[in-house]
$ cat my_file-v6.cif   # mmCIF, C-alpha atoms and all ligand atoms
data_structure
#
loop_
_atom_site.label_atom_id
_atom_site.label_comp_id
_atom_site.auth_asym_id
_atom_site.auth_seq_id
_atom_site.Cartn_x
_atom_site.Cartn_y
_atom_site.Cartn_z
CA MET A 1 -26.83 -4.78 -7.68
CA PRO A 2 -29.99 -6.80 -7.07
CA GLY A 3 -30.90 -8.98 -10.01
CA PRO A 4 -34.38 -9.39 -11.39
CA PHE A 5 -34.57 -12.89 -10.01
CA ASP A 6 -33.99 -12.83 -6.30
CA GLU A 7 -32.99 -16.30 -5.15
CA LYS A 8 -33.12 -15.34 -1.49
CA ILE A 9 -36.74 -14.30 -1.65
CA ASP A 10 -37.97 -16.59 -4.35
CA GLY A 11 -36.47 -19.87 -3.28
CA GLY A 12 -37.66 -21.37 -6.58
CA ALA A 13 -40.78 -23.24 -5.62
CA TYR A 14 -44.23 -22.09 -4.67
CA GLU A 15 -45.38 -22.28 -1.13
CA PRO A 16 -47.92 -25.05 -0.80
CA ALA A 17 -51.39 -23.67 -1.29
CA GLY A 18 -53.39 -23.54 1.87
CA GLY A 19 -55.77 -21.34 3.82
CA ALA A 20 -56.98 -18.54 1.59
CA SER A 21 -55.08 -20.01 -1.35
CA ALA A 22 -56.66 -23.44 -1.28
CA GLY A 23 -57.94 -24.42 -4.72
CA ALA A 24 -55.54 -22.03 -6.49
CA LYS A 25 -56.76 -20.57 -9.79
CA GLY A 26 -53.30 -20.19 -11.27
CA SER A 27 -50.47 -17.76 -10.81
CA ALA A 28 -50.88 -14.00 -11.08
CA LEU A 29 -47.98 -11.61 -11.59
CA VAL A 30 -48.52 -8.23 -9.92
CA THR A 31 -45.98 -5.54 -10.73
CA GLY A 32 -45.51 -2.94 -8.03
CA GLY A 33 -47.01 -5.49 -5.67
CA THR A 34 -45.41 -4.21 -2.47
CA ARG A 35 -47.37 -1.01 -1.87
CA GLY A 36 -50.65 0.75 -2.57
CA ILE A 37 -52.85 -0.62 -5.34
CA GLY A 38 -50.41 -3.42 -6.22
CA LEU A 39 -50.20 -4.73 -2.67
CA ALA A 40 -53.99 -4.60 -2.25
CA THR A 41 -54.33 -6.46 -5.56
CA ALA A 42 -51.87 -9.16 -4.55
CA ARG A 43 -53.78 -9.65 -1.32
CA ARG A 44 -57.19 -9.69 -3.05
CA LEU A 45 -56.06 -12.16 -5.70
CA GLY A 46 -54.47 -14.33 -3.03
CA GLU A 47 -57.68 -14.33 -1.00
CA ALA A 48 -59.52 -15.39 -4.14
CA GLY A 49 -57.26 -18.41 -4.50
CA TRP A 50 -54.54 -17.19 -6.86
CA ARG A 51 -50.85 -17.83 -6.28
CA VAL A 52 -49.32 -14.35 -6.41
CA ILE A 53 -45.93 -13.24 -7.64
CA CYS A 54 -45.08 -9.69 -6.61
CA VAL A 55 -42.50 -7.64 -8.50
CA ALA A 56 -40.78 -4.47 -7.26
CA ARG A 57 -37.30 -2.96 -7.08
CA SER A 58 -36.81 -3.09 -3.32
CA ALA A 59 -35.84 -6.60 -2.14
CA GLY A 60 -36.49 -5.58 1.46
CA HIS A 61 -40.08 -4.52 0.75
CA LEU A 62 -40.64 -7.67 -1.28
CA GLU A 63 -39.43 -9.83 1.55
CA SER A 64 -41.73 -8.23 4.11
CA THR A 65 -44.66 -8.22 1.66
CA VAL A 66 -44.29 -11.91 0.85
CA ALA A 67 -43.93 -12.76 4.56
CA SER A 68 -47.10 -10.85 5.41
CA LEU A 69 -49.11 -12.43 2.57
CA ARG A 70 -47.93 -15.90 3.55
CA ALA A 71 -48.81 -15.22 7.18
CA ASP A 72 -52.37 -14.72 5.95
CA GLY A 73 -52.39 -18.08 4.15
CA ILE A 74 -51.72 -16.67 0.69
CA SER A 75 -49.35 -18.45 -1.66
CA ALA A 76 -46.88 -15.69 -2.52
CA ARG A 77 -43.38 -15.13 -3.80
CA GLY A 78 -41.36 -12.12 -4.87
CA LEU A 79 -39.12 -11.26 -7.77
CA THR A 80 -37.03 -8.11 -7.90
CA ALA A 81 -36.89 -6.16 -11.15
CA ASP A 82 -36.70 -2.57 -12.24
CA LEU A 83 -39.36 -2.66 -14.93
CA SER A 84 -38.12 0.55 -16.51
CA VAL A 85 -35.05 -1.41 -17.66
CA ALA A 86 -35.60 -3.61 -20.73
CA ALA A 87 -32.90 -6.13 -19.75
CA GLU A 88 -34.54 -6.65 -16.36
CA ARG A 89 -37.92 -7.23 -18.01
CA GLN A 90 -36.31 -9.86 -20.19
CA SER A 91 -34.73 -11.55 -17.15
CA LEU A 92 -38.04 -11.42 -15.33
CA ALA A 93 -39.82 -13.11 -18.23
CA GLU A 94 -37.08 -15.77 -18.32
CA ALA A 95 -37.45 -16.33 -14.58
CA LEU A 96 -41.16 -16.95 -15.17
CA GLN A 97 -40.57 -19.69 -17.75
CA ASP A 98 -41.10 -22.35 -15.09
CA THR A 99 -44.38 -20.83 -13.95
CA VAL A 100 -46.52 -23.08 -16.09
CA ASP A 101 -49.76 -21.96 -14.47
CA LEU A 102 -49.26 -18.23 -15.13
CA ARG A 103 -52.76 -16.98 -15.84
CA ALA A 104 -52.84 -13.27 -15.00
CA VAL A 105 -50.48 -10.35 -15.42
CA VAL A 106 -51.30 -7.10 -13.65
CA ASN A 107 -49.18 -4.24 -14.99
CA ASN A 108 -49.47 -1.85 -12.07
CA ALA A 109 -46.00 -0.37 -11.47
CA GLY A 110 -45.67 3.17 -12.74
CA GLY A 111 -47.28 6.49 -12.48
CA ALA A 112 -44.83 8.86 -10.80
CA ALA A 113 -44.64 11.17 -13.83
CA ARG A 114 -45.36 14.84 -13.20
CA GLY A 115 -45.24 17.69 -15.70
CA GLY A 116 -47.24 19.60 -18.26
CA ALA A 117 -47.22 19.40 -22.04
CA LEU A 118 -45.11 22.55 -22.38
CA ASP A 119 -42.66 22.15 -19.52
CA THR A 120 -41.65 18.48 -19.70
CA ALA A 121 -38.24 17.53 -21.03
CA LEU A 122 -38.17 14.84 -23.68
CA GLU A 123 -36.11 12.57 -21.40
CA ASP A 124 -38.86 12.74 -18.77
CA PHE A 125 -41.43 11.93 -21.44
CA ASP A 126 -39.37 8.89 -22.47
CA ALA A 127 -38.99 7.78 -18.84
CA ALA A 128 -42.75 7.98 -18.25
CA LEU A 129 -43.51 5.99 -21.38
CA GLU A 130 -40.90 3.39 -20.45
CA ILE A 131 -42.51 2.41 -17.14
CA ASP A 132 -46.16 3.22 -17.91
CA VAL A 133 -46.41 1.85 -21.45
CA ARG A 134 -43.36 0.03 -22.76
CA ALA A 135 -43.06 -2.17 -19.66
CA ALA A 136 -46.67 -3.36 -20.04
CA TRP A 137 -46.29 -3.83 -23.80
CA ASP A 138 -43.00 -5.71 -23.42
CA LEU A 139 -44.20 -8.02 -20.61
CA GLY A 140 -47.44 -8.61 -22.51
CA GLN A 141 -45.52 -9.73 -25.59
CA ARG A 142 -43.08 -11.88 -23.64
CA LEU A 143 -45.76 -13.63 -21.57
CA ALA A 144 -48.56 -13.84 -24.16
CA SER A 145 -47.91 -17.42 -25.25
CA ARG A 146 -47.90 -18.71 -21.67
CA LEU A 147 -51.11 -16.80 -20.94
CA ALA A 148 -52.64 -18.28 -24.10
CA GLU A 149 -51.91 -21.80 -22.84
CA ASN A 150 -53.89 -21.00 -19.70
CA ALA A 151 -56.72 -18.85 -21.16
CA GLY A 152 -55.29 -16.04 -19.11
CA SER A 153 -55.57 -12.28 -19.06
CA ILE A 154 -53.73 -9.01 -18.62
CA VAL A 155 -54.94 -6.04 -16.59
CA ASN A 156 -53.17 -2.71 -17.04
CA VAL A 157 -53.51 -0.03 -14.38
CA ALA A 158 -54.21 3.25 -16.17
CA SER A 159 -55.83 6.33 -14.58
CA THR A 160 -58.78 8.63 -15.08
CA VAL A 161 -56.25 11.20 -16.35
CA ALA A 162 -56.05 9.01 -19.46
CA LEU A 163 -59.63 9.97 -20.22
CA ALA A 164 -59.61 13.69 -19.42
CA VAL A 165 -56.69 15.97 -18.74
CA PRO A 166 -56.36 18.19 -15.70
CA SER A 167 -54.24 21.26 -16.43
CA GLY A 168 -50.51 20.65 -15.98
CA ARG A 169 -50.77 16.85 -16.02
CA GLY A 170 -49.91 16.33 -19.69
CA LEU A 171 -47.05 13.92 -19.10
CA TYR A 172 -48.96 11.50 -16.89
CA SER A 173 -52.04 11.82 -19.06
CA SER A 174 -50.06 11.06 -22.23
CA ALA A 175 -48.45 8.00 -20.68
CA LYS A 176 -51.70 6.57 -19.31
CA GLY A 177 -53.58 7.48 -22.49
CA ALA A 178 -51.02 5.50 -24.48
CA LEU A 179 -51.45 2.62 -22.04
CA VAL A 180 -55.20 2.61 -22.71
CA ALA A 181 -54.56 2.54 -26.47
CA ALA A 182 -52.03 -0.27 -25.99
CA THR A 183 -54.58 -2.19 -23.90
CA ARG A 184 -57.18 -2.00 -26.67
CA SER A 185 -54.68 -2.90 -29.40
CA MET A 186 -53.33 -5.84 -27.49
CA ALA A 187 -56.85 -7.01 -26.67
CA ILE A 188 -57.71 -7.25 -30.36
CA ASP A 189 -54.44 -8.83 -31.41
CA LEU A 190 -54.58 -11.44 -28.65
CA ALA A 191 -58.29 -12.16 -28.79
CA ARG A 192 -57.94 -15.14 -31.12
CA THR A 193 -55.51 -16.74 -28.68
CA GLY A 194 -58.13 -16.52 -25.93
CA VAL A 195 -56.14 -13.99 -23.89
CA ARG A 196 -58.15 -11.03 -22.59
CA VAL A 197 -56.59 -7.61 -22.04
CA ASN A 198 -58.31 -4.90 -20.01
CA ALA A 199 -57.47 -1.82 -17.99
CA VAL A 200 -58.70 -0.22 -14.82
CA ALA A 201 -58.70 3.56 -14.57
CA PRO A 202 -58.59 4.55 -10.92
CA GLY A 203 -59.38 8.03 -9.72
CA PRO A 204 -57.23 9.39 -6.88
CA THR A 205 -56.52 6.47 -4.56
CA LEU A 206 -55.15 6.75 -1.04
CA THR A 207 -51.67 5.31 -1.44
CA GLU A 208 -48.16 6.36 -0.47
CA GLY A 209 -47.72 7.45 -4.07
CA LEU A 210 -50.68 9.86 -3.90
CA ARG A 211 -49.66 11.17 -0.48
CA THR A 212 -46.24 12.11 -1.87
CA PHE A 213 -47.89 14.77 -3.98
CA ASN A 214 -50.78 15.87 -1.72
CA THR A 215 -51.18 17.20 1.81
CA ASP A 216 -53.97 15.80 4.00
CA GLU A 217 -55.88 19.06 3.43
CA GLN A 218 -55.59 18.71 -0.35
CA LEU A 219 -56.79 15.11 -0.18
CA ALA A 220 -59.77 16.11 1.96
CA GLU A 221 -60.63 18.86 -0.52
CA ARG A 222 -60.38 16.45 -3.47
CA ALA A 223 -62.64 13.96 -1.68
CA THR A 224 -65.44 16.55 -1.49
CA LYS A 225 -65.66 16.51 -5.31
CA VAL A 226 -66.31 12.77 -5.54
CA PRO A 227 -70.04 11.97 -5.91
CA LEU A 228 -69.69 8.94 -3.63
CA GLY A 229 -68.05 11.21 -1.08
CA ARG A 230 -64.55 9.81 -0.65
CA LEU A 231 -61.33 9.07 -2.46
CA ALA A 232 -60.71 5.46 -3.44
CA ASP A 233 -59.08 2.98 -1.13
CA PRO A 234 -56.55 0.61 -2.78
CA ALA A 235 -58.96 -2.27 -2.04
CA ASP A 236 -61.60 -0.59 -4.26
CA ILE A 237 -59.23 -0.84 -7.22
CA ALA A 238 -58.02 -4.32 -6.25
CA ASP A 239 -61.59 -5.68 -6.32
CA ALA A 240 -62.04 -4.40 -9.88
CA ILE A 241 -58.74 -5.93 -10.97
CA GLU A 242 -59.56 -9.28 -9.37
CA PHE A 243 -62.89 -9.28 -11.20
CA LEU A 244 -61.23 -8.60 -14.56
CA CYS A 245 -58.75 -11.43 -13.93
CA SER A 246 -61.51 -13.83 -12.99
CA HIS A 247 -63.68 -16.19 -15.00
CA ARG A 248 -66.62 -13.86 -14.25
CA ALA A 249 -65.08 -11.43 -16.78
CA ARG A 250 -64.65 -14.18 -19.41
CA HIS A 251 -66.34 -12.22 -22.23
CA ILE A 252 -64.81 -8.84 -21.42
CA THR A 253 -61.77 -7.64 -23.32
CA GLY A 254 -60.37 -4.31 -24.52
CA GLN A 255 -62.29 -2.41 -21.83
CA VAL A 256 -61.37 0.31 -19.38
CA LEU A 257 -63.13 -0.04 -16.05
CA VAL A 258 -63.25 3.36 -14.31
CA VAL A 259 -63.16 3.19 -10.50
CA ASP A 260 -63.51 6.75 -9.25
CA GLY A 261 -66.69 7.08 -7.17
CA GLY A 262 -68.50 8.70 -10.08
CA ALA A 263 -66.13 11.69 -10.38
CA SER A 264 -65.51 11.43 -14.12
CA VAL A 265 -69.19 10.93 -14.92
CA ALA A 266 -69.94 14.12 -12.98
CA GLY A 267 -67.25 15.94 -14.96
CA MET A 268 -65.00 16.14 -11.90
CA TYR A 269 -61.52 15.20 -13.00
CA ILE A 270 -59.89 15.60 -9.67
N1 LIG B 301 -52.70 6.30 -6.26
C1 LIG B 301 -53.45 6.93 -7.15
O1 LIG B 301 -54.11 7.94 -6.86
C2 LIG B 301 -53.55 6.39 -8.56
C3 LIG B 301 -54.61 6.84 -9.37
C4 LIG B 301 -54.69 6.36 -10.68
C5 LIG B 301 -53.77 5.43 -11.13
N2 LIG B 301 -52.76 5.02 -10.32
C6 LIG B 301 -51.80 4.06 -10.87
O2 LIG B 301 -51.77 2.92 -10.04
C7 LIG B 301 -50.46 2.34 -10.06
C8 LIG B 301 -49.99 2.13 -8.62
O3 LIG B 301 -50.03 3.39 -7.97
P1 LIG B 301 -49.80 3.47 -6.37
O4 LIG B 301 -50.23 4.83 -5.97
O5 LIG B 301 -50.34 2.28 -5.71
O6 LIG B 301 -48.18 3.43 -6.33
P2 LIG B 301 -47.16 3.43 -5.08
O7 LIG B 301 -47.89 3.48 -3.79
O8 LIG B 301 -46.18 4.50 -5.37
O9 LIG B 301 -46.45 1.99 -5.25
C9 LIG B 301 -45.70 1.75 -6.39
C10 LIG B 301 -45.30 0.28 -6.46
O10 LIG B 301 -44.62 0.06 -7.71
C11 LIG B 301 -43.27 -0.38 -7.47
N3 LIG B 301 -42.45 0.23 -8.53
C12 LIG B 301 -42.31 1.54 -8.82
N4 LIG B 301 -41.46 1.70 -9.85
C13 LIG B 301 -41.07 0.47 -10.25
C14 LIG B 301 -40.20 -0.02 -11.25
N5 LIG B 301 -39.52 0.83 -12.07
N6 LIG B 301 -40.03 -1.35 -11.38
C15 LIG B 301 -40.69 -2.21 -10.54
N7 LIG B 301 -41.51 -1.81 -9.57
C16 LIG B 301 -41.71 -0.48 -9.41
C17 LIG B 301 -42.96 0.12 -6.05
O11 LIG B 301 -41.96 -0.64 -5.39
P3 LIG B 301 -40.38 -0.24 -5.49
O12 LIG B 301 -40.32 1.24 -5.21
O13 LIG B 301 -39.70 -1.09 -4.48
O14 LIG B 301 -39.96 -0.57 -6.87
C18 LIG B 301 -44.31 -0.11 -5.38
O15 LIG B 301 -44.48 -1.49 -5.07
C19 LIG B 301 -49.60 3.28 -10.89
O16 LIG B 301 -49.49 2.79 -12.20
C20 LIG B 301 -50.38 4.59 -10.87
O17 LIG B 301 -50.14 5.39 -12.01
C21 LIG B 301 -52.63 5.47 -9.05
#
$ encode --input "my_file-v6.cif" --output "structure tokens"
Amino acid sequence: MPGPFDEKIDGGAYEPAGGASAGAKGSALVTGGTRGIGLATARRLGEAGWRVICVARSAGHLESTVASLRADGISARGLTADLSVAAERQSLAEALQDTVDLRAVVNNAGGAARGGALDTALEDFDAALEIDVRAAWDLGQRLASRLAENAGSIVNVASTVALAVPSGRGLYSSAKGALVAATRSMAIDLARTGVRVNAVAPGPTLTEGLRTFNTDEQLAERATKVPLGRLADPADIADAIEFLCSHRARHITGQVLVVDGGASVAGMYI
């Protein structure tokens, strides 16, 4: 069984900063950093000079992700962990003890929950909360003191369904709504330590995850409802996350930055 700390991929030390990573700003942990929004975020942060640490369950995907980021001059490494398992979160936090420059944590992994308020089994509700809320809460607690040493920040990836509820999406909406509440609570409780905590709320974003649940025709139909005329690209969300991690967002905490092409403002919860 793969452990949360993958020696083969990690190799212990950081790659020397160079190319896009020259003048590194610190290390940024990106959960779910091998696909979709997480991968785009790892790349964007790396381009901005962060050393990135990607976390996912699949060692194979981590290996290829890290290789591709490094090929582009980004300082990257990978750690395997199933973040829905508390013991693996603990091991991950322990593996990060040596990362003295940890300055950003992006809680992105999650979001596969499907089901309505009346047809979702309690076990499925628990599973959704485990990966979408408890994982972010737990990692936030475990890494808060290190982030405080570095005036760091946390960005949680929520969703526009946290803010308004499409019919039949009660499970996902409950999980992401709780994540928004956790973001605000943590922001206030950590503020005096200098750690900022924010969330992004993406609208539908063209990732493998979204394509699992939508045909091309359905995606095209959903895009017509977006005032800016298209669904989000993962890079759209990554740019917002990179901003919230950066010094430019130094006086912003407890906020939810919606990135949905104007859909929610127009009352289009798509
Ligand atoms: N795409 C959208 O339309 C959309 C809209 C709003 C919000 N979001 C949110 O954005 C986040 C990313 O979505 P996405 O569409 O980019 O996802 P995705 O394409 O399905 O990618 C998910 C990533 O998370 C990792 N992952 C999944 N479960 C994990 C676990 N238990 N432990 C560790 N890593 C795990 C996956 O790697 P492994 O499978 O190898 O673990 C992969 O790297 C989610 O929180 C989602 O709710 C997405």
$ residues_around --input "my_file-v6.cif" --residues "stretch 248-255 of chain A" --least-positions-apart "2" --cutoff "8 Å" --atoms "all atoms listed in the file" --output "PyMOL selection string"
chain A and resi 183-188+191+196-199+243-246+257
$ closest_residue --input "my_file-v6.cif" --among "A:Pro166, A:Gly49, A:Gly33, A:Gly261" --to "A:Ser75" --atoms "all atoms listed in the file"
A:Gly49
$ residues_around --input "my_file-v6.cif" --residues "stretch 87-102 of chain A" --least-positions-apart "4" --cutoff "7 Å" --atoms "only C-alpha atoms" --output "mmCIF file with C-alpha atoms, in the coordinates of the input"
data_model
loop_
_atom_site.group_PDB
_atom_site.id
_atom_site.type_symbol
_atom_site.label_atom_id
_atom_site.label_comp_id
_atom_site.auth_asym_id
_atom_site.auth_seq_id
_atom_site.Cartn_x
_atom_site.Cartn_y
_atom_site.Cartn_z
ATOM 1 C CA PRO A 4 -34.380 -9.390 -11.390
ATOM 2 C CA PHE A 5 -34.570 -12.890 -10.010
ATOM 3 C CA GLY A 26 -53.300 -20.190 -11.270
ATOM 4 C CA SER A 27 -50.470 -17.760 -10.810
ATOM 5 C CA ALA A 28 -50.880 -14.000 -11.080
ATOM 6 C CA ALA A 81 -36.890 -6.160 -11.150
ATOM 7 C CA ASP A 82 -36.700 -2.570 -12.240
ATOM 8 C CA LEU A 83 -39.360 -2.660 -14.930
ATOM 9 C CA LEU A 139 -44.200 -8.020 -20.610
ATOM 10 C CA ARG A 142 -43.080 -11.880 -23.640
ATOM 11 C CA LEU A 143 -45.760 -13.630 -21.570
ATOM 12 C CA ARG A 146 -47.900 -18.710 -21.670
ATOM 13 C CA LEU A 147 -51.110 -16.800 -20.940
ATOM 14 C CA ASN A 150 -53.890 -21.000 -19.700
#
$ closest_residue --input "my_file-v6.cif" --among "A:Asn108, A:Thr41, A:Thr120, A:Thr34" --to "A:Leu62" --atoms "all atoms listed in the file"
A:Thr34
$ residues_near_ligand --input "my_file-v6.cif" --ligand "ligand LIG 301 (chain B)" --cutoff "8 Å" --atoms "all atoms listed in the file" --output "PyMOL selection string"
chain A and resi 31-39+55-59+61-62+80-85+107-112+131-132+157-161+172+176+201-210+232+234
$ atom_distance --input "my_file-v6.cif" --atom1 "atom CA of A:Glu242" --atom2 "atom CA of A:Gln218"
29.7 Å
$ atom_distance --input "my_file-v6.cif" --atom1 "atom CA of A:Arg134" --atom2 "atom CA of A:Asn156"
11.7 Å
$ closest_residue --input "my_file-v6.cif" --among "A:Lys225, A:Gly194, A:Arg70, A:Cys54" --to "A:Ala266" --atoms "all atoms listed in the file"
A:Lys225
$ atom_distance --input "my_file-v6.cif" --atom1 "atom CA of A:Gln141" --atom2 "atom CA of A:Ala86"
12.6 Å
$ closest_residue --input "my_file-v6.cif" --among "A:Ile154, A:Ser174, A:Val105, A:Val259" --to "A:Phe125" --atoms "only C-alpha atoms"
A:Ser174
$ residues_around --input "my_file-v6.cif" --residues "A:Gly229" --least-positions-apart "3" --cutoff "12 Å" --atoms "all atoms listed in the file" --output "short mmCIF file (atom, residue, chain, number, x, y, z; two decimals) with C-alpha atoms, keeping the file's coordinate frame"
data_model
loop_
_atom_site.label_atom_id
_atom_site.label_comp_id
_atom_site.auth_asym_id
_atom_site.auth_seq_id
_atom_site.Cartn_x
_atom_site.Cartn_y
_atom_site.Cartn_z
CA LEU A 219 -56.79 15.11 -0.18
CA ALA A 220 -59.77 16.11 1.96
CA GLU A 221 -60.63 18.86 -0.52
CA ARG A 222 -60.38 16.45 -3.47
CA ALA A 223 -62.64 13.96 -1.68
CA THR A 224 -65.44 16.55 -1.49
CA LYS A 225 -65.66 16.51 -5.31
CA VAL A 226 -66.31 12.77 -5.54
CA ALA A 232 -60.71 5.46 -3.44
CA ASP A 260 -63.51 6.75 -9.25
CA GLY A 261 -66.69 7.08 -7.17
CA GLY A 262 -68.50 8.70 -10.08
CA ALA A 263 -66.13 11.69 -10.38
#
$ closest_residue --input "my_file-v6.cif" --among "A:Asp138, A:Asp189, A:Asp239, A:Glu63" --to "A:Gly46" --atoms "all atoms listed in the file"
A:Asp239
$ closest_residue --input "my_file-v6.cif" --among "A:Ala40, A:Ile241, A:Ala164, A:Gly78" --to "A:Ser264" --atoms "only C-alpha atoms"
A:Ala164
$ build_atoms --input "my_file-v6.cif" --residues "stretch 168-176 of chain A" --atoms "all heavy atoms" --output "PDB file, in the coordinates of the input"
ATOM      1  N   GLY A 168     -51.843  20.896 -16.531  1.00  0.00           N
ATOM      2  CA  GLY A 168     -50.510  20.650 -15.980  1.00  0.00           C
ATOM      3  C   GLY A 168     -50.177  19.181 -15.784  1.00  0.00           C
ATOM      4  O   GLY A 168     -49.129  18.859 -15.220  1.00  0.00           O
ATOM      5  N   ARG A 169     -51.025  18.287 -16.220  1.00  0.00           N
ATOM      6  CA  ARG A 169     -50.770  16.850 -16.020  1.00  0.00           C
ATOM      7  C   ARG A 169     -50.530  16.125 -17.351  1.00  0.00           C
ATOM      8  O   ARG A 169     -50.769  14.937 -17.486  1.00  0.00           O
ATOM      9  CB  ARG A 169     -51.967  16.196 -15.307  1.00  0.00           C
ATOM     10  CG  ARG A 169     -52.319  16.791 -13.947  1.00  0.00           C
ATOM     11  CD  ARG A 169     -51.251  16.526 -12.893  1.00  0.00           C
ATOM     12  NE  ARG A 169     -50.938  15.117 -12.743  1.00  0.00           N
ATOM     13  CZ  ARG A 169     -51.675  14.248 -12.043  1.00  0.00           C
ATOM     14  NH1 ARG A 169     -52.769  14.655 -11.450  1.00  0.00           N
ATOM     15  NH2 ARG A 169     -51.314  12.987 -11.942  1.00  0.00           N
ATOM     16  N   GLY A 170     -50.044  16.874 -18.333  1.00  0.00           N
ATOM     17  CA  GLY A 170     -49.910  16.330 -19.690  1.00  0.00           C
ATOM     18  C   GLY A 170     -49.033  15.104 -19.795  1.00  0.00           C
ATOM     19  O   GLY A 170     -49.305  14.196 -20.589  1.00  0.00           O
ATOM     20  N   LEU A 171     -47.971  15.060 -19.001  1.00  0.00           N
ATOM     21  CA  LEU A 171     -47.050  13.920 -19.100  1.00  0.00           C
ATOM     22  C   LEU A 171     -47.725  12.634 -18.641  1.00  0.00           C
ATOM     23  O   LEU A 171     -47.745  11.625 -19.353  1.00  0.00           O
ATOM     24  CB  LEU A 171     -45.803  14.204 -18.251  1.00  0.00           C
ATOM     25  CG  LEU A 171     -44.767  13.084 -18.175  1.00  0.00           C
ATOM     26  CD1 LEU A 171     -44.273  12.702 -19.559  1.00  0.00           C
ATOM     27  CD2 LEU A 171     -43.592  13.506 -17.286  1.00  0.00           C
ATOM     28  N   TYR A 172     -48.298  12.688 -17.454  1.00  0.00           N
ATOM     29  CA  TYR A 172     -48.960  11.500 -16.890  1.00  0.00           C
ATOM     30  C   TYR A 172     -50.138  11.090 -17.778  1.00  0.00           C
ATOM     31  O   TYR A 172     -50.346   9.906 -18.069  1.00  0.00           O
ATOM     32  CB  TYR A 172     -49.439  11.859 -15.473  1.00  0.00           C
ATOM     33  CG  TYR A 172     -50.000  10.722 -14.645  1.00  0.00           C
ATOM     34  CD1 TYR A 172     -49.422   9.461 -14.641  1.00  0.00           C
ATOM     35  CD2 TYR A 172     -51.107  10.936 -13.814  1.00  0.00           C
ATOM     36  CE1 TYR A 172     -49.942   8.438 -13.845  1.00  0.00           C
ATOM     37  CE2 TYR A 172     -51.627   9.926 -13.016  1.00  0.00           C
ATOM     38  CZ  TYR A 172     -51.046   8.688 -13.039  1.00  0.00           C
ATOM     39  OH  TYR A 172     -51.558   7.678 -12.258  1.00  0.00           O
ATOM     40  N   SER A 173     -50.886  12.104 -18.225  1.00  0.00           N
ATOM     41  CA  SER A 173     -52.040  11.820 -19.060  1.00  0.00           C
ATOM     42  C   SER A 173     -51.631  11.169 -20.389  1.00  0.00           C
ATOM     43  O   SER A 173     -52.278  10.227 -20.864  1.00  0.00           O
ATOM     44  CB  SER A 173     -52.776  13.136 -19.322  1.00  0.00           C
ATOM     45  OG  SER A 173     -53.894  12.897 -20.114  1.00  0.00           O
ATOM     46  N   SER A 174     -50.543  11.644 -20.973  1.00  0.00           N
ATOM     47  CA  SER A 174     -50.060  11.060 -22.230  1.00  0.00           C
ATOM     48  C   SER A 174     -49.644   9.607 -22.029  1.00  0.00           C
ATOM     49  O   SER A 174     -49.955   8.730 -22.845  1.00  0.00           O
ATOM     50  CB  SER A 174     -48.864  11.852 -22.770  1.00  0.00           C
ATOM     51  OG  SER A 174     -49.231  13.176 -23.008  1.00  0.00           O
ATOM     52  N   ALA A 175     -48.929   9.371 -20.926  1.00  0.00           N
ATOM     53  CA  ALA A 175     -48.450   8.000 -20.680  1.00  0.00           C
ATOM     54  C   ALA A 175     -49.627   7.054 -20.439  1.00  0.00           C
ATOM     55  O   ALA A 175     -49.698   5.963 -21.025  1.00  0.00           O
ATOM     56  CB  ALA A 175     -47.507   8.005 -19.473  1.00  0.00           C
ATOM     57  N   LYS A 176     -50.575   7.472 -19.612  1.00  0.00           N
ATOM     58  CA  LYS A 176     -51.700   6.570 -19.310  1.00  0.00           C
ATOM     59  C   LYS A 176     -52.661   6.463 -20.501  1.00  0.00           C
ATOM     60  O   LYS A 176     -53.290   5.424 -20.713  1.00  0.00           O
ATOM     61  CB  LYS A 176     -52.427   7.040 -18.050  1.00  0.00           C
ATOM     62  CG  LYS A 176     -51.597   6.895 -16.764  1.00  0.00           C
ATOM     63  CD  LYS A 176     -51.188   5.451 -16.479  1.00  0.00           C
ATOM     64  CE  LYS A 176     -50.607   5.283 -15.077  1.00  0.00           C
ATOM     65  NZ  LYS A 176     -50.168   3.909 -14.803  1.00  0.00           N
TER      66      LYS A 176
END
